[in-house]
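Text of the file input.cif, holding mmCIF, C-alpha atoms:
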```cif
data_target
loop_
_atom_site.group_PDB
_atom_site.id
_atom_site.type_symbol
_atom_site.label_atom_id
_atom_site.label_comp_id
_atom_site.auth_asym_id
_atom_site.auth_seq_id
_atom_site.Cartn_x
_atom_site.Cartn_y
_atom_site.Cartn_z
ATOM 1 C CA MET A 70 33.295 -12.997 17.832
ATOM 2 C CA PRO A 71 32.828 -9.244 17.318
ATOM 3 C CA SER A 72 33.056 -7.978 13.773
ATOM 4 C CA ARG A 73 34.566 -4.671 12.797
ATOM 5 C CA ASP A 74 31.608 -4.387 10.426
ATOM 6 C CA VAL A 75 29.121 -4.037 13.292
ATOM 7 C CA VAL A 76 29.081 -1.158 15.757
ATOM 8 C CA SER A 77 26.597 -1.239 18.641
ATOM 9 C CA VAL A 78 25.572 1.052 21.465
ATOM 10 C CA GLN A 79 23.251 0.250 24.372
ATOM 11 C CA ARG A 80 21.099 2.194 26.766
ATOM 12 C CA LEU A 81 18.819 1.122 29.583
ATOM 13 C CA ILE A 82 15.607 3.048 29.000
ATOM 14 C CA PRO A 83 13.226 3.121 31.981
ATOM 15 C CA ALA A 84 10.165 2.165 29.941
ATOM 16 C CA PRO A 85 8.582 -1.014 28.603
ATOM 17 C CA PRO A 86 9.546 -2.070 25.057
ATOM 18 C CA GLU A 87 6.150 -1.265 23.462
ATOM 19 C CA PRO A 88 6.415 2.558 23.276
ATOM 20 C CA ILE A 89 10.030 2.290 22.117
ATOM 21 C CA PHE A 90 9.085 -0.181 19.398
ATOM 22 C CA ASP A 91 6.163 2.037 18.358
ATOM 23 C CA LEU A 92 8.631 4.865 17.627
ATOM 24 C CA LEU A 93 10.863 2.596 15.577
ATOM 25 C CA VAL A 94 8.150 1.016 13.402
ATOM 26 C CA ASP A 95 6.760 4.357 12.180
ATOM 27 C CA PRO A 96 9.131 6.061 9.716
ATOM 28 C CA ALA A 97 7.371 9.395 10.323
ATOM 29 C CA GLY A 98 9.020 9.546 13.757
ATOM 30 C CA HIS A 99 12.578 8.790 12.650
ATOM 31 C CA ALA A 100 13.562 12.457 12.172
ATOM 32 C CA ARG A 101 12.460 13.085 15.758
ATOM 33 C CA ILE A 102 14.718 10.395 17.200
ATOM 34 C CA ASP A 103 17.724 10.771 14.866
ATOM 35 C CA GLY A 104 20.686 11.771 17.021
ATOM 36 C CA GLY A 105 22.813 12.737 14.040
ATOM 37 C CA GLY A 106 20.373 15.155 12.455
ATOM 38 C CA SER A 107 20.685 13.607 8.995
ATOM 39 C CA VAL A 108 17.111 12.284 8.743
ATOM 40 C CA GLN A 109 15.019 15.119 7.313
ATOM 41 C CA GLY A 110 11.739 13.262 6.916
ATOM 42 C CA ALA A 111 9.979 10.139 5.747
ATOM 43 C CA ARG A 112 8.346 9.936 2.353
ATOM 44 C CA SER A 113 6.150 7.096 3.545
ATOM 45 C CA GLY A 114 5.515 7.608 7.239
ATOM 46 C CA GLY A 115 2.409 7.453 9.351
ATOM 47 C CA ARG A 116 2.136 3.710 9.066
ATOM 48 C CA ARG A 117 3.363 0.744 11.045
ATOM 49 C CA LEU A 118 6.131 -1.135 9.256
ATOM 50 C CA GLY A 119 6.049 -4.875 8.675
ATOM 51 C CA LEU A 120 8.655 -7.369 7.541
ATOM 52 C CA GLY A 121 9.564 -6.707 3.901
ATOM 53 C CA ASP A 122 8.024 -3.217 3.862
ATOM 54 C CA ARG A 123 9.869 -0.457 2.029
ATOM 55 C CA PHE A 124 10.039 3.170 3.068
ATOM 56 C CA GLY A 125 11.869 6.196 1.758
ATOM 57 C CA MET A 126 13.739 8.868 3.671
ATOM 58 C CA ASP A 127 14.903 12.340 2.794
ATOM 59 C CA MET A 128 18.378 12.766 4.239
ATOM 60 C CA LYS A 129 21.076 15.400 4.496
ATOM 61 C CA ILE A 130 24.734 15.144 5.384
ATOM 62 C CA GLY A 131 26.100 18.271 3.784
ATOM 63 C CA LEU A 132 24.038 17.736 0.650
ATOM 64 C CA PRO A 133 20.495 16.376 0.472
ATOM 65 C CA TYR A 134 19.944 12.822 -0.736
ATOM 66 C CA ARG A 135 17.312 10.096 -0.575
ATOM 67 C CA THR A 136 17.367 6.539 0.661
ATOM 68 C CA SER A 137 15.242 3.492 0.073
ATOM 69 C CA ASN A 138 14.927 1.174 3.056
ATOM 70 C CA THR A 139 13.603 -2.362 3.398
ATOM 71 C CA VAL A 140 12.626 -3.961 6.707
ATOM 72 C CA VAL A 141 14.751 -7.134 6.880
ATOM 73 C CA GLU A 142 14.089 -8.221 10.484
ATOM 74 C CA LEU A 143 11.020 -7.734 12.626
ATOM 75 C CA GLU A 144 9.891 -9.282 15.882
ATOM 76 C CA GLU A 145 7.080 -7.353 17.559
ATOM 77 C CA ASN A 146 8.338 -5.289 20.505
ATOM 78 C CA ARG A 147 11.759 -6.992 20.363
ATOM 79 C CA ARG A 148 13.618 -6.290 17.109
ATOM 80 C CA ILE A 149 13.515 -4.274 13.921
ATOM 81 C CA ALA A 150 16.171 -3.824 11.260
ATOM 82 C CA TRP A 151 16.166 -2.180 7.879
ATOM 83 C CA GLN A 152 18.663 -2.158 5.048
ATOM 84 C CA THR A 153 19.407 1.214 3.505
ATOM 85 C CA LEU A 154 20.295 1.809 -0.132
ATOM 86 C CA ALA A 155 20.853 4.991 -2.091
ATOM 87 C CA GLU A 156 18.051 5.763 -4.505
ATOM 88 C CA GLY A 157 18.458 5.839 -8.250
ATOM 89 C CA PRO A 158 21.302 4.653 -10.443
ATOM 90 C CA ALA A 159 23.825 4.837 -7.581
ATOM 91 C CA SER A 160 22.049 2.169 -5.512
ATOM 92 C CA PRO A 161 24.288 -0.748 -6.611
ATOM 93 C CA PHE A 162 27.336 1.249 -5.526
ATOM 94 C CA LEU A 163 26.167 3.065 -2.394
ATOM 95 C CA GLY A 164 24.518 1.578 0.618
ATOM 96 C CA GLY A 165 23.569 -1.796 1.969
ATOM 97 C CA ARG A 166 24.132 -1.030 5.631
ATOM 98 C CA ILE A 167 21.660 -2.363 8.134
ATOM 99 C CA TRP A 168 20.301 -0.384 11.068
ATOM 100 C CA ARG A 169 19.108 -2.709 13.832
ATOM 101 C CA TYR A 170 17.353 -2.144 17.150
ATOM 102 C CA VAL A 171 17.048 -4.939 19.697
ATOM 103 C CA LEU A 172 14.834 -4.390 22.743
ATOM 104 C CA GLU A 173 15.326 -6.583 25.803
ATOM 105 C CA PRO A 174 12.993 -6.202 28.780
ATOM 106 C CA VAL A 175 15.067 -6.094 31.965
ATOM 107 C CA GLU A 176 14.545 -4.987 35.541
ATOM 108 C CA GLY A 177 14.169 -1.225 35.443
ATOM 109 C CA GLY A 178 13.012 -0.975 31.828
ATOM 110 C CA THR A 179 14.280 -2.002 28.417
ATOM 111 C CA LEU A 180 17.868 -2.514 27.340
ATOM 112 C CA VAL A 181 17.981 -1.070 23.829
ATOM 113 C CA THR A 182 20.833 -1.982 21.507
ATOM 114 C CA GLU A 183 21.229 -0.040 18.288
ATOM 115 C CA SER A 184 23.590 -1.538 15.719
ATOM 116 C CA TRP A 185 25.085 -0.234 12.515
ATOM 117 C CA ASP A 186 26.002 -3.234 10.392
ATOM 118 C CA ILE A 187 28.054 -2.587 7.246
ATOM 119 C CA SER A 188 28.722 -6.254 6.452
ATOM 120 C CA LYS A 189 26.432 -5.971 3.398
ATOM 121 C CA GLU A 190 27.601 -2.482 2.381
ATOM 122 C CA ALA A 191 28.404 -2.128 -1.326
ATOM 123 C CA ALA A 192 32.120 -2.610 -1.946
ATOM 124 C CA PRO A 193 32.633 0.831 -3.569
ATOM 125 C CA SER A 194 31.281 2.677 -0.521
ATOM 126 C CA LYS A 195 32.386 0.370 2.310
ATOM 127 C CA LEU A 196 35.836 1.884 2.885
ATOM 128 C CA PHE A 197 34.413 5.415 3.011
ATOM 129 C CA VAL A 198 31.518 4.387 5.252
ATOM 130 C CA ARG A 199 33.830 2.556 7.665
ATOM 131 C CA ARG A 200 35.567 5.902 8.355
ATOM 132 C CA MET A 201 32.244 7.222 9.673
ATOM 133 C CA GLU A 202 32.298 4.755 12.604
ATOM 134 C CA PRO A 203 33.263 7.211 15.404
ATOM 135 C CA MET A 204 30.622 9.737 14.305
ATOM 136 C CA THR A 205 28.035 6.987 13.855
ATOM 137 C CA ARG A 206 28.702 5.641 17.357
ATOM 138 C CA ARG A 207 28.153 9.126 18.865
ATOM 139 C CA ASN A 208 25.009 9.644 16.795
ATOM 140 C CA MET A 209 23.569 6.290 17.859
ATOM 141 C CA ALA A 210 24.152 7.133 21.534
ATOM 142 C CA ALA A 211 22.336 10.443 20.949
ATOM 143 C CA THR A 212 19.484 8.596 19.203
ATOM 144 C CA LEU A 213 18.976 6.297 22.185
ATOM 145 C CA GLU A 214 19.011 9.328 24.488
ATOM 146 C CA ARG A 215 16.310 10.977 22.352
ATOM 147 C CA ILE A 216 14.211 7.810 22.394
ATOM 148 C CA GLU A 217 14.422 7.789 26.187
ATOM 149 C CA GLU A 218 13.408 11.454 26.392
ATOM 150 C CA ILE A 219 10.372 10.848 24.167
ATOM 151 C CA VAL A 220 9.084 7.691 25.838
ATOM 152 C CA THR A 221 9.648 8.910 29.388
ATOM 153 C CA ALA A 222 8.064 12.328 28.737
ATOM 154 C CA GLY A 223 4.734 10.560 28.262
ATOM 155 C CA ALA A 224 5.128 8.496 31.438
#
```
Same coordinates, now as structure tokens:
Amino acid sequence: MPSRDVVSVQRLIPAPPEPIFDLLVDPAGHARIDGGGSVQGARSGGRRLGLGDRFGMDMKIGLPYRTSNTVVELEENRRIAWQTLAEGPASPFLGGRIWRYVLEPVEGGTLVTESWDISKEAAPSKLFVRRMEPMTRRNMAATLERIEEIVTAGA
């Protein structure tokens, strides 16, 4: 049963899952693929993420802020998800959302599903964050388009 706490978009990308996954497991590339323009840069990029790894991001939506992210799901070339929290004293009150990418090899390439899961979002920020759903959906579609552009440019 679909949850109103999870928003997903899909795109068939005409490429195998490996180059797509390689983009997702290196935080240094996240600003390049971010369809919303909020990711400014990684504070711990240039490395391949593993399950339980933490990485920081410099962000900006109006004002600059920082996030701390923990990889909570990882299956090589198939799935990665990280949970995002605000940094500093606000972390118990802001964040908790999970960004998830599922890659399914299909005829013609890879079906990529990006999900924004706010089921674990902190109660104080959940109502506000839920209002961002239409913008988040558009941004995720733009992210998948950027991923396709990057992986097919090298083909």
(request) Tell me, as number ranges by chain, which residues lie within 8 Å of range 77-84 of chain A, counting only C-alpha atoms; anything in the same chain fewer than 2 positions away does not count. (result) A: 75, 86, 88-89, 177-185, 206, 209-210, 213-214, 217, 220-221
(request) Write out as an NGL selection string each polymer residue whose atoms come within 9 Å of Glu142 in chain A, counting all atoms listed in the file; drop sequence neighbours fewer than 2 positions from it. (result) :A and (119-121 or 140 or 144 or 148-151 or 169)
Using only C-alpha atoms, collect all residues at a distance of at most 7 Å from (23.7, -2.2, 3.4) as written in the file, then present them as a short mmCIF file (atom, residue, chain, number, x, y, z; two decimals) with C-alpha atoms, in the coordinates of the input.
```cif
data_model
loop_
_atom_site.label_atom_id
_atom_site.label_comp_id
_atom_site.auth_asym_id
_atom_site.auth_seq_id
_atom_site.Cartn_x
_atom_site.Cartn_y
_atom_site.Cartn_z
CA GLN A 152 18.66 -2.16 5.05
CA THR A 153 19.41 1.21 3.50
CA LEU A 154 20.30 1.81 -0.13
CA GLY A 164 24.52 1.58 0.62
CA GLY A 165 23.57 -1.80 1.97
CA ARG A 166 24.13 -1.03 5.63
CA ILE A 167 21.66 -2.36 8.13
CA ILE A 187 28.05 -2.59 7.25
CA LYS A 189 26.43 -5.97 3.40
CA GLU A 190 27.60 -2.48 2.38
CA ALA A 191 28.40 -2.13 -1.33
#
```
(message) One number please: CA of Asp74 in chain A to CA of Arg207 in chain A, in Å, one decimal.
(response)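 Separation between CA of Asp74 in chain A and CA of Arg207 in chain A: 16.3 Å.
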(message) Please determine, counting only C-alpha atoms, which residue among A:Ala155, A:Leu118, A:Ala211, A:Pro96 has the shortest atom-to-atom distance to Pro133 in chain A.
(response)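 Using only C-alpha atoms, Pro133 in chain A sits closest to A:Ala155.
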(message) Would you compute the distance between CA of Thr139 in chain A and CA of Pro174 in chain A? Give it in Å to one decimal.
(response)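 CA of Pro174 in chain A lies at a distance of 25.7 Å from CA of Thr139 in chain A.
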(message) One number please: CA of Val175 in chain A to CA of Leu143 in chain A, in Å, one decimal.
(response) 19.8 Å
(message) Residues within 8 Å of Arg147 in chain A, please, as an MDAnalysis selection string. Count all atoms listed in the file; anything in the same chain fewer than 6 positions from it doesn't count.
(response) chainID A and resid 86 90 171:173
